[in-house]
Amino acid sequence: METAGSIEALMAAEGHARQAYYQAFDAILEDEAFRFGMRSRRPPRNRLNALISFGNSLLYSAVLREIYHTQLDPRIGFLHAANFRRFSLNLDVAEVFKPLLVDRVIFRVLGRRQIQADDFLHELGGLVLRERAQRVFVEEFEKGMRTTLQHRRLKRKVSYRQLIRLELYKIQKHLLGDEPYTPFVSRW
C-alpha cells in the first residue's frame with residue numbers, strides 16, 4: 001500500500017490480489033461445474049462468477065441501507081471513483097466484508113449442495129441464478145448478516161449487520177476529526 005503512489009495503483013494491486021484469491025476457490029471447491037477461470041461480470045460467464053456477482057450485489061445493497069442510518073453521503077467514497085451519478089461508499093465498505101459474508105455463503109451453499117449446476121440459466125450472453133437458487137442464496141446471506149461475533153472493543157456480541165454500521169460510524173468519526181480510522185480486521 002505504501003508504494004502504490006495513487007488510488008488507481010492501489011485499486012489495481014487490490015484487483016490482482018483478489019484475482020489470486022478467487023483462483024484459490026478452485027482448490028477449495030470440489031465440483032468441477034464451479035471453476036473460477038477469470039473474474040467476469042456484466043454478464044458473469046460462469047457459475048462461480050454468477051454467484052460472486054449475485055452475492056456482491058446483495059452486500060452492496062445491505063451496506064447502502066446501513067449508510068442511510070448515518071450522516072455519510074453514499075456518493076462519496078474513498079477508493080472507488082466518486083461521482084454524483086452512482087454510489088461508491090457502499091462499494092468501498094463492502095470490500096472489507098465480501099470474504100466474511102459473500103464468500104462464506106458461496107462455500108456453504110455449494111458445500112451443502114443447496115445450489116447446483118442446473119440452478120443457472122443462460123441469459124444475455126452470461127449466466128444467472130434461477131429464482132429458487134436466488135431464494136436459497138438470499139436466505140443464507142441473511143443468516144450470515146444475523147450471525148453474531150464477539151466485538152473486541154465493545155466487549156459484546158454484534159451481528160455482521162451491526163458490524164457494518166459500526167464500521168460506518170468509525171468512518172464518520174474519522175471525517176469529523178474525532179478519531180483516526182482503523183478498519184475492521186477479522187480474526188477468523
# chains A, B, ... in the order shown; residues from 1 in each chain; ligands from 1
>>> residues_around(residues="Arg132 (chain A)", least_positions_apart="3", cutoff="9 Å", atoms="only C-alpha atoms", output="PDB file with N, CA, C and O atoms, in the first residue's frame")
ATOM      1  N   ILE A 115     -27.170 -25.271  -3.929  1.00  0.00           N
ATOM      2  CA  ILE A 115     -27.178 -24.735  -5.288  1.00  0.00           C
ATOM      3  C   ILE A 115     -26.271 -25.627  -6.116  1.00  0.00           C
ATOM      4  O   ILE A 115     -25.154 -25.943  -5.707  1.00  0.00           O
ATOM      5  N   ASP A 119     -28.932 -24.964 -11.539  1.00  0.00           N
ATOM      6  CA  ASP A 119     -29.645 -23.824 -10.958  1.00  0.00           C
ATOM      7  C   ASP A 119     -29.313 -22.514 -11.664  1.00  0.00           C
ATOM      8  O   ASP A 119     -29.570 -21.437 -11.135  1.00  0.00           O
ATOM      9  N   LEU A 129     -28.723 -16.855 -11.857  1.00  0.00           N
ATOM     10  CA  LEU A 129     -29.328 -17.849 -10.966  1.00  0.00           C
ATOM     11  C   LEU A 129     -30.823 -17.959 -11.209  1.00  0.00           C
ATOM     12  O   LEU A 129     -31.502 -16.942 -11.395  1.00  0.00           O
ATOM     13  N   ARG A 135     -33.426 -17.497  -4.026  1.00  0.00           N
ATOM     14  CA  ARG A 135     -34.041 -17.535  -2.684  1.00  0.00           C
ATOM     15  C   ARG A 135     -33.126 -18.226  -1.677  1.00  0.00           C
ATOM     16  O   ARG A 135     -32.962 -17.765  -0.552  1.00  0.00           O
ATOM     17  N   VAL A 136     -32.526 -19.334  -2.097  1.00  0.00           N
ATOM     18  CA  VAL A 136     -31.602 -20.067  -1.217  1.00  0.00           C
ATOM     19  C   VAL A 136     -30.430 -19.163  -0.842  1.00  0.00           C
ATOM     20  O   VAL A 136     -30.061 -19.060   0.329  1.00  0.00           O
ATOM     21  N   PHE A 137     -29.846 -18.509  -1.821  1.00  0.00           N
ATOM     22  CA  PHE A 137     -28.684 -17.655  -1.575  1.00  0.00           C
ATOM     23  C   PHE A 137     -29.060 -16.494  -0.647  1.00  0.00           C
ATOM     24  O   PHE A 137     -28.336 -16.194   0.311  1.00  0.00           O
TER      25      PHE A 137
END
>>> select_by_dssp(residues="chain A", states="alpha helix (DSSP H)", output="compact mmCIF listing (two decimals) with N, CA, C and O atoms, in the first residue's frame")
# COMPACT_ATOMS: atom_id res chain seq x y z
N ILE A 7 -4.42 6.18 -5.86
CA ILE A 7 -5.59 5.32 -5.62
C ILE A 7 -5.75 4.31 -6.75
O ILE A 7 -6.06 3.15 -6.51
N GLU A 8 -5.48 4.74 -7.98
CA GLU A 8 -5.61 3.84 -9.12
C GLU A 8 -4.64 2.67 -9.00
O GLU A 8 -5.00 1.52 -9.28
N ALA A 9 -3.41 2.96 -8.59
CA ALA A 9 -2.41 1.90 -8.42
C ALA A 9 -2.81 0.96 -7.28
O ALA A 9 -2.63 -0.26 -7.37
N LEU A 10 -3.34 1.54 -6.21
CA LEU A 10 -3.81 0.72 -5.09
C LEU A 10 -4.97 -0.18 -5.52
O LEU A 10 -5.00 -1.37 -5.18
N MET A 11 -5.90 0.37 -6.29
CA MET A 11 -7.03 -0.42 -6.79
C MET A 11 -6.55 -1.54 -7.71
O MET A 11 -7.08 -2.65 -7.68
N ALA A 12 -5.55 -1.26 -8.54
CA ALA A 12 -5.00 -2.29 -9.43
C ALA A 12 -4.35 -3.41 -8.62
O ALA A 12 -4.55 -4.60 -8.91
N ALA A 13 -3.61 -3.06 -7.59
CA ALA A 13 -2.97 -4.07 -6.73
C ALA A 13 -4.03 -4.90 -6.02
O ALA A 13 -3.91 -6.12 -5.92
N GLU A 14 -5.07 -4.24 -5.56
CA GLU A 14 -6.18 -4.95 -4.91
C GLU A 14 -6.85 -5.90 -5.89
O GLU A 14 -7.20 -7.03 -5.56
N GLY A 15 -7.02 -5.46 -7.13
CA GLY A 15 -7.63 -6.30 -8.15
C GLY A 15 -6.81 -7.55 -8.43
O GLY A 15 -7.35 -8.65 -8.58
N HIS A 16 -5.50 -7.39 -8.50
CA HIS A 16 -4.61 -8.55 -8.72
C HIS A 16 -4.66 -9.51 -7.53
O HIS A 16 -4.69 -10.73 -7.71
N ALA A 17 -4.68 -8.96 -6.33
CA ALA A 17 -4.76 -9.80 -5.13
C ALA A 17 -6.08 -10.55 -5.09
O ALA A 17 -6.14 -11.75 -4.78
N ARG A 18 -7.17 -9.86 -5.44
CA ARG A 18 -8.48 -10.52 -5.43
C ARG A 18 -8.55 -11.60 -6.50
O ARG A 18 -9.13 -12.67 -6.27
N GLN A 19 -7.94 -11.38 -7.65
CA GLN A 19 -7.92 -12.40 -8.71
C GLN A 19 -7.21 -13.66 -8.21
O GLN A 19 -7.70 -14.78 -8.40
N ALA A 20 -6.08 -13.49 -7.54
CA ALA A 20 -5.35 -14.64 -6.99
C ALA A 20 -6.19 -15.33 -5.91
O ALA A 20 -6.24 -16.57 -5.84
N TYR A 21 -6.86 -14.54 -5.10
CA TYR A 21 -7.73 -15.07 -4.05
C TYR A 21 -8.85 -15.91 -4.67
O TYR A 21 -9.10 -17.03 -4.24
N TYR A 22 -9.51 -15.36 -5.68
CA TYR A 22 -10.61 -16.10 -6.32
C TYR A 22 -10.11 -17.38 -7.00
O TYR A 22 -10.81 -18.39 -7.03
N GLN A 23 -8.93 -17.36 -7.56
CA GLN A 23 -8.42 -18.56 -8.21
C GLN A 23 -8.15 -19.67 -7.19
O GLN A 23 -8.17 -20.84 -7.54
N PHE A 25 -10.22 -20.49 -5.04
CA PHE A 25 -11.52 -21.17 -4.87
C PHE A 25 -11.50 -22.53 -5.55
O PHE A 25 -12.12 -23.47 -5.09
N ASP A 26 -10.80 -22.63 -6.68
CA ASP A 26 -10.75 -23.90 -7.41
C ASP A 26 -10.14 -25.01 -6.57
O ASP A 26 -10.51 -26.17 -6.70
N ALA A 27 -9.20 -24.66 -5.70
CA ALA A 27 -8.58 -25.67 -4.82
C ALA A 27 -9.51 -26.05 -3.68
O ALA A 27 -9.41 -27.15 -3.13
N ILE A 28 -10.44 -25.18 -3.34
CA ILE A 28 -11.35 -25.42 -2.22
C ILE A 28 -12.60 -26.16 -2.68
O ILE A 28 -13.05 -27.11 -2.03
N ARG A 47 -20.58 -20.16 -13.57
CA ARG A 47 -21.43 -20.28 -12.38
C ARG A 47 -20.83 -19.58 -11.16
O ARG A 47 -21.53 -18.91 -10.42
N LEU A 48 -19.55 -19.77 -10.94
CA LEU A 48 -18.93 -19.17 -9.76
C LEU A 48 -18.96 -17.65 -9.85
O LEU A 48 -19.26 -16.97 -8.87
N ASN A 49 -18.68 -17.10 -11.02
CA ASN A 49 -18.78 -15.66 -11.21
C ASN A 49 -20.20 -15.16 -11.00
O ASN A 49 -20.41 -14.07 -10.46
N ALA A 50 -21.18 -15.93 -11.42
CA ALA A 50 -22.58 -15.55 -11.22
C ALA A 50 -22.90 -15.49 -9.72
O ALA A 50 -23.59 -14.57 -9.25
N LEU A 51 -22.40 -16.46 -8.95
CA LEU A 51 -22.63 -16.45 -7.50
C LEU A 51 -21.92 -15.26 -6.84
O LEU A 51 -22.49 -14.59 -5.97
N ILE A 52 -20.69 -14.99 -7.26
CA ILE A 52 -19.94 -13.86 -6.69
C ILE A 52 -20.67 -12.55 -7.00
O ILE A 52 -20.87 -11.72 -6.11
N SER A 53 -21.09 -12.37 -8.23
CA SER A 53 -21.79 -11.14 -8.61
C SER A 53 -23.11 -10.99 -7.87
O SER A 53 -23.44 -9.89 -7.38
N PHE A 54 -23.86 -12.07 -7.76
CA PHE A 54 -25.14 -12.00 -7.05
C PHE A 54 -24.91 -11.67 -5.57
O PHE A 54 -25.56 -10.79 -5.00
N GLY A 55 -23.96 -12.36 -4.95
CA GLY A 55 -23.67 -12.10 -3.54
C GLY A 55 -23.15 -10.69 -3.30
O GLY A 55 -23.56 -10.03 -2.34
N ASN A 56 -22.27 -10.22 -4.18
CA ASN A 56 -21.75 -8.86 -4.03
C ASN A 56 -22.87 -7.84 -4.14
O ASN A 56 -22.90 -6.85 -3.40
N SER A 57 -23.81 -8.05 -5.06
CA SER A 57 -24.91 -7.09 -5.20
C SER A 57 -25.77 -7.06 -3.93
O SER A 57 -26.22 -5.99 -3.52
N LEU A 58 -25.97 -8.21 -3.29
CA LEU A 58 -26.69 -8.23 -2.02
C LEU A 58 -25.94 -7.45 -0.94
O LEU A 58 -26.54 -6.68 -0.18
N LEU A 59 -24.64 -7.64 -0.90
CA LEU A 59 -23.83 -6.94 0.10
C LEU A 59 -23.81 -5.44 -0.17
O LEU A 59 -23.93 -4.64 0.76
N TYR A 60 -23.66 -5.02 -1.43
CA TYR A 60 -23.66 -3.60 -1.75
C TYR A 60 -24.96 -2.95 -1.28
O TYR A 60 -24.95 -1.85 -0.73
N SER A 61 -26.07 -3.64 -1.49
CA SER A 61 -27.38 -3.11 -1.06
C SER A 61 -27.47 -3.06 0.46
O SER A 61 -28.00 -2.08 1.02
N ALA A 62 -26.98 -4.08 1.13
CA ALA A 62 -27.02 -4.11 2.60
C ALA A 62 -26.19 -2.98 3.19
O ALA A 62 -26.62 -2.30 4.14
N VAL A 63 -25.01 -2.75 2.63
CA VAL A 63 -24.16 -1.65 3.12
C VAL A 63 -24.83 -0.31 2.85
O VAL A 63 -24.84 0.58 3.71
N LEU A 64 -25.43 -0.16 1.68
CA LEU A 64 -26.12 1.09 1.35
C LEU A 64 -27.24 1.37 2.35
O LEU A 64 -27.41 2.50 2.81
N ARG A 65 -28.01 0.33 2.70
CA ARG A 65 -29.07 0.51 3.70
C ARG A 65 -28.49 1.02 5.02
O ARG A 65 -29.09 1.87 5.67
N GLU A 66 -27.34 0.50 5.41
CA GLU A 66 -26.73 0.94 6.66
C GLU A 66 -26.18 2.36 6.55
O GLU A 66 -26.22 3.12 7.51
N ILE A 67 -25.69 2.74 5.38
CA ILE A 67 -25.21 4.11 5.18
C ILE A 67 -26.32 5.11 5.43
O ILE A 67 -26.11 6.17 6.02
N LEU A 89 -19.43 4.77 -1.76
CA LEU A 89 -19.05 4.44 -0.39
C LEU A 89 -19.43 3.01 -0.05
O LEU A 89 -18.67 2.29 0.59
N ASN A 90 -20.60 2.57 -0.49
CA ASN A 90 -21.00 1.19 -0.20
C ASN A 90 -20.06 0.17 -0.85
O ASN A 90 -19.79 -0.89 -0.28
N LEU A 91 -19.53 0.50 -2.02
CA LEU A 91 -18.57 -0.39 -2.68
C LEU A 91 -17.29 -0.48 -1.85
O LEU A 91 -16.72 -1.56 -1.68
N ASP A 92 -16.84 0.67 -1.33
CA ASP A 92 -15.62 0.69 -0.52
C ASP A 92 -15.78 -0.13 0.75
O ASP A 92 -14.92 -0.95 1.08
N VAL A 93 -16.84 0.10 1.48
CA VAL A 93 -17.05 -0.59 2.77
C VAL A 93 -17.31 -2.08 2.55
O VAL A 93 -16.85 -2.92 3.33
N ALA A 94 -17.99 -2.42 1.47
CA ALA A 94 -18.28 -3.83 1.19
C ALA A 94 -17.01 -4.65 0.99
O ALA A 94 -17.00 -5.85 1.30
N GLU A 95 -15.94 -4.03 0.50
CA GLU A 95 -14.69 -4.77 0.27
C GLU A 95 -14.22 -5.50 1.52
O GLU A 95 -13.72 -6.61 1.44
N VAL A 96 -14.41 -4.87 2.67
CA VAL A 96 -13.98 -5.47 3.94
C VAL A 96 -14.78 -6.73 4.25
O VAL A 96 -14.25 -7.68 4.81
N PHE A 97 -16.05 -6.74 3.86
CA PHE A 97 -16.96 -7.79 4.29
C PHE A 97 -17.23 -8.88 3.25
O PHE A 97 -17.87 -9.89 3.57
N ARG A 104 -18.30 -16.80 2.21
CA ARG A 104 -18.76 -17.87 3.13
C ARG A 104 -20.08 -18.46 2.67
O ARG A 104 -20.29 -19.66 2.76
N VAL A 105 -20.99 -17.60 2.19
CA VAL A 105 -22.28 -18.11 1.69
C VAL A 105 -22.03 -19.01 0.48
O VAL A 105 -22.62 -20.09 0.37
N ILE A 106 -21.16 -18.59 -0.42
CA ILE A 106 -20.86 -19.40 -1.60
C ILE A 106 -20.35 -20.77 -1.18
O ILE A 106 -20.84 -21.80 -1.66
N PHE A 107 -19.38 -20.81 -0.29
CA PHE A 107 -18.84 -22.10 0.15
C PHE A 107 -19.91 -22.94 0.85
O PHE A 107 -19.97 -24.16 0.68
N ARG A 108 -20.77 -22.29 1.62
CA ARG A 108 -21.82 -23.01 2.34
C ARG A 108 -22.85 -23.62 1.39
O ARG A 108 -23.16 -24.80 1.48
N VAL A 109 -23.38 -22.81 0.47
CA VAL A 109 -24.44 -23.33 -0.42
C VAL A 109 -23.90 -24.37 -1.38
O VAL A 109 -24.62 -25.31 -1.74
N LEU A 110 -22.65 -24.24 -1.80
CA LEU A 110 -22.08 -25.25 -2.70
C LEU A 110 -21.67 -26.49 -1.91
O LEU A 110 -21.87 -27.61 -2.38
N GLY A 111 -21.11 -26.30 -0.73
CA GLY A 111 -20.70 -27.44 0.09
C GLY A 111 -21.87 -28.30 0.52
O GLY A 111 -21.76 -29.54 0.59
N GLU A 131 -34.66 -18.57 -9.99
CA GLU A 131 -35.35 -17.96 -8.85
C GLU A 131 -35.20 -18.78 -7.57
O GLU A 131 -34.97 -18.24 -6.49
N ARG A 132 -35.32 -20.09 -7.65
CA ARG A 132 -35.19 -20.94 -6.46
C ARG A 132 -33.81 -20.79 -5.84
O ARG A 132 -33.66 -20.64 -4.62
N ALA A 133 -32.78 -20.77 -6.67
CA ALA A 133 -31.41 -20.64 -6.18
C ALA A 133 -31.18 -19.25 -5.60
O ALA A 133 -30.45 -19.10 -4.61
N GLN A 134 -31.80 -18.23 -6.19
CA GLN A 134 -31.70 -16.89 -5.63
C GLN A 134 -32.27 -16.85 -4.21
O GLN A 134 -31.67 -16.27 -3.31
N ARG A 135 -33.43 -17.50 -4.03
CA ARG A 135 -34.04 -17.53 -2.68
C ARG A 135 -33.13 -18.23 -1.68
O ARG A 135 -32.96 -17.77 -0.55
N VAL A 136 -32.53 -19.33 -2.10
CA VAL A 136 -31.60 -20.07 -1.22
C VAL A 136 -30.43 -19.16 -0.84
O VAL A 136 -30.06 -19.06 0.33
N PHE A 137 -29.85 -18.51 -1.82
CA PHE A 137 -28.68 -17.66 -1.58
C PHE A 137 -29.06 -16.49 -0.65
O PHE A 137 -28.34 -16.19 0.31
N VAL A 138 -30.18 -15.83 -0.93
CA VAL A 138 -30.61 -14.70 -0.10
C VAL A 138 -30.86 -15.15 1.33
O VAL A 138 -30.46 -14.47 2.29
N GLU A 139 -31.49 -16.30 1.51
CA GLU A 139 -31.75 -16.82 2.86
C GLU A 139 -30.44 -17.06 3.61
O GLU A 139 -30.30 -16.68 4.77
N GLU A 140 -29.47 -17.66 2.95
CA GLU A 140 -28.18 -17.91 3.59
C GLU A 140 -27.42 -16.61 3.84
O GLU A 140 -26.75 -16.47 4.86
N PHE A 141 -27.54 -15.66 2.93
CA PHE A 141 -26.91 -14.36 3.12
C PHE A 141 -27.49 -13.67 4.34
O PHE A 141 -26.75 -13.12 5.17
N GLU A 142 -28.80 -13.69 4.47
CA GLU A 142 -29.45 -13.05 5.62
C GLU A 142 -29.07 -13.74 6.93
O GLU A 142 -28.89 -13.07 7.95
N LYS A 143 -28.92 -15.06 6.89
CA LYS A 143 -28.43 -15.76 8.09
C LYS A 143 -27.04 -15.26 8.45
O LYS A 143 -26.73 -15.05 9.62
N GLY A 144 -26.20 -15.08 7.45
CA GLY A 144 -24.87 -14.56 7.69
C GLY A 144 -24.89 -13.16 8.28
O GLY A 144 -24.12 -12.85 9.19
N MET A 145 -25.79 -12.32 7.79
CA MET A 145 -25.90 -10.95 8.31
C MET A 145 -26.36 -10.95 9.78
O MET A 145 -26.00 -10.04 10.53
N ARG A 146 -27.13 -11.96 10.16
CA ARG A 146 -27.61 -12.05 11.56
C ARG A 146 -26.62 -12.75 12.48
O ARG A 146 -26.75 -12.69 13.70
N TYR A 160 -23.23 -9.17 11.99
CA TYR A 160 -22.49 -8.57 10.89
C TYR A 160 -23.18 -7.32 10.38
O TYR A 160 -22.52 -6.37 9.96
N ARG A 161 -24.51 -7.28 10.42
CA ARG A 161 -25.23 -6.06 10.02
C ARG A 161 -24.83 -4.90 10.93
O ARG A 161 -24.54 -3.80 10.47
N GLN A 162 -24.80 -5.17 12.25
CA GLN A 162 -24.39 -4.13 13.20
C GLN A 162 -22.92 -3.76 13.00
O GLN A 162 -22.54 -2.59 13.12
N LEU A 163 -22.10 -4.74 12.67
CA LEU A 163 -20.68 -4.50 12.46
C LEU A 163 -20.45 -3.57 11.26
O LEU A 163 -19.59 -2.68 11.31
N ILE A 164 -21.25 -3.73 10.23
CA ILE A 164 -21.17 -2.83 9.08
C ILE A 164 -21.51 -1.41 9.51
O ILE A 164 -20.80 -0.45 9.17
N ARG A 165 -22.57 -1.26 10.30
CA ARG A 165 -22.95 0.09 10.75
C ARG A 165 -21.86 0.68 11.64
O ARG A 165 -21.54 1.86 11.54
N LEU A 166 -21.26 -0.14 12.51
CA LEU A 166 -20.18 0.34 13.37
C LEU A 166 -18.99 0.80 12.53
O LEU A 166 -18.33 1.79 12.86
N GLU A 167 -18.72 0.09 11.44
CA GLU A 167 -17.63 0.49 10.54
C GLU A 167 -17.93 1.86 9.93
O GLU A 167 -17.04 2.71 9.82
N LEU A 168 -19.17 2.06 9.57
CA LEU A 168 -19.58 3.35 9.01
C LEU A 168 -19.45 4.47 10.04
O LEU A 168 -19.02 5.58 9.72
N TYR A 169 -19.81 4.18 11.28
CA TYR A 169 -19.66 5.18 12.34
C TYR A 169 -18.19 5.54 12.55
O TYR A 169 -17.85 6.70 12.82
N LYS A 170 -17.29 4.55 12.42
CA LYS A 170 -15.86 4.84 12.55
C LYS A 170 -15.39 5.77 11.42
O LYS A 170 -14.60 6.68 11.67
N ILE A 171 -15.90 5.56 10.22
CA ILE A 171 -15.56 6.45 9.10
C ILE A 171 -16.09 7.85 9.38
O ILE A 171 -15.39 8.85 9.17
N GLN A 172 -17.30 7.93 9.88
CA GLN A 172 -17.92 9.22 10.19
C GLN A 172 -17.09 9.96 11.26
O GLN A 172 -16.80 11.14 11.10
N LYS A 173 -16.69 9.25 12.31
CA LYS A 173 -15.88 9.87 13.36
C LYS A 173 -14.53 10.34 12.81
O LYS A 173 -14.03 11.39 13.20
N HIS A 174 -13.98 9.57 11.91
CA HIS A 174 -12.71 9.96 11.29
C HIS A 174 -12.88 11.26 10.50
O HIS A 174 -12.07 12.17 10.61
N LEU A 175 -13.94 11.33 9.70
CA LEU A 175 -14.17 12.51 8.88
C LEU A 175 -14.45 13.75 9.72
O LEU A 175 -14.12 14.87 9.32
>>> select_by_dssp(residues="region 43-173 of chain A", states="strand (DSSP E or B)", output="ChimeraX atom specification")
/A:83,86,120-123,126-129,148-151,156-159
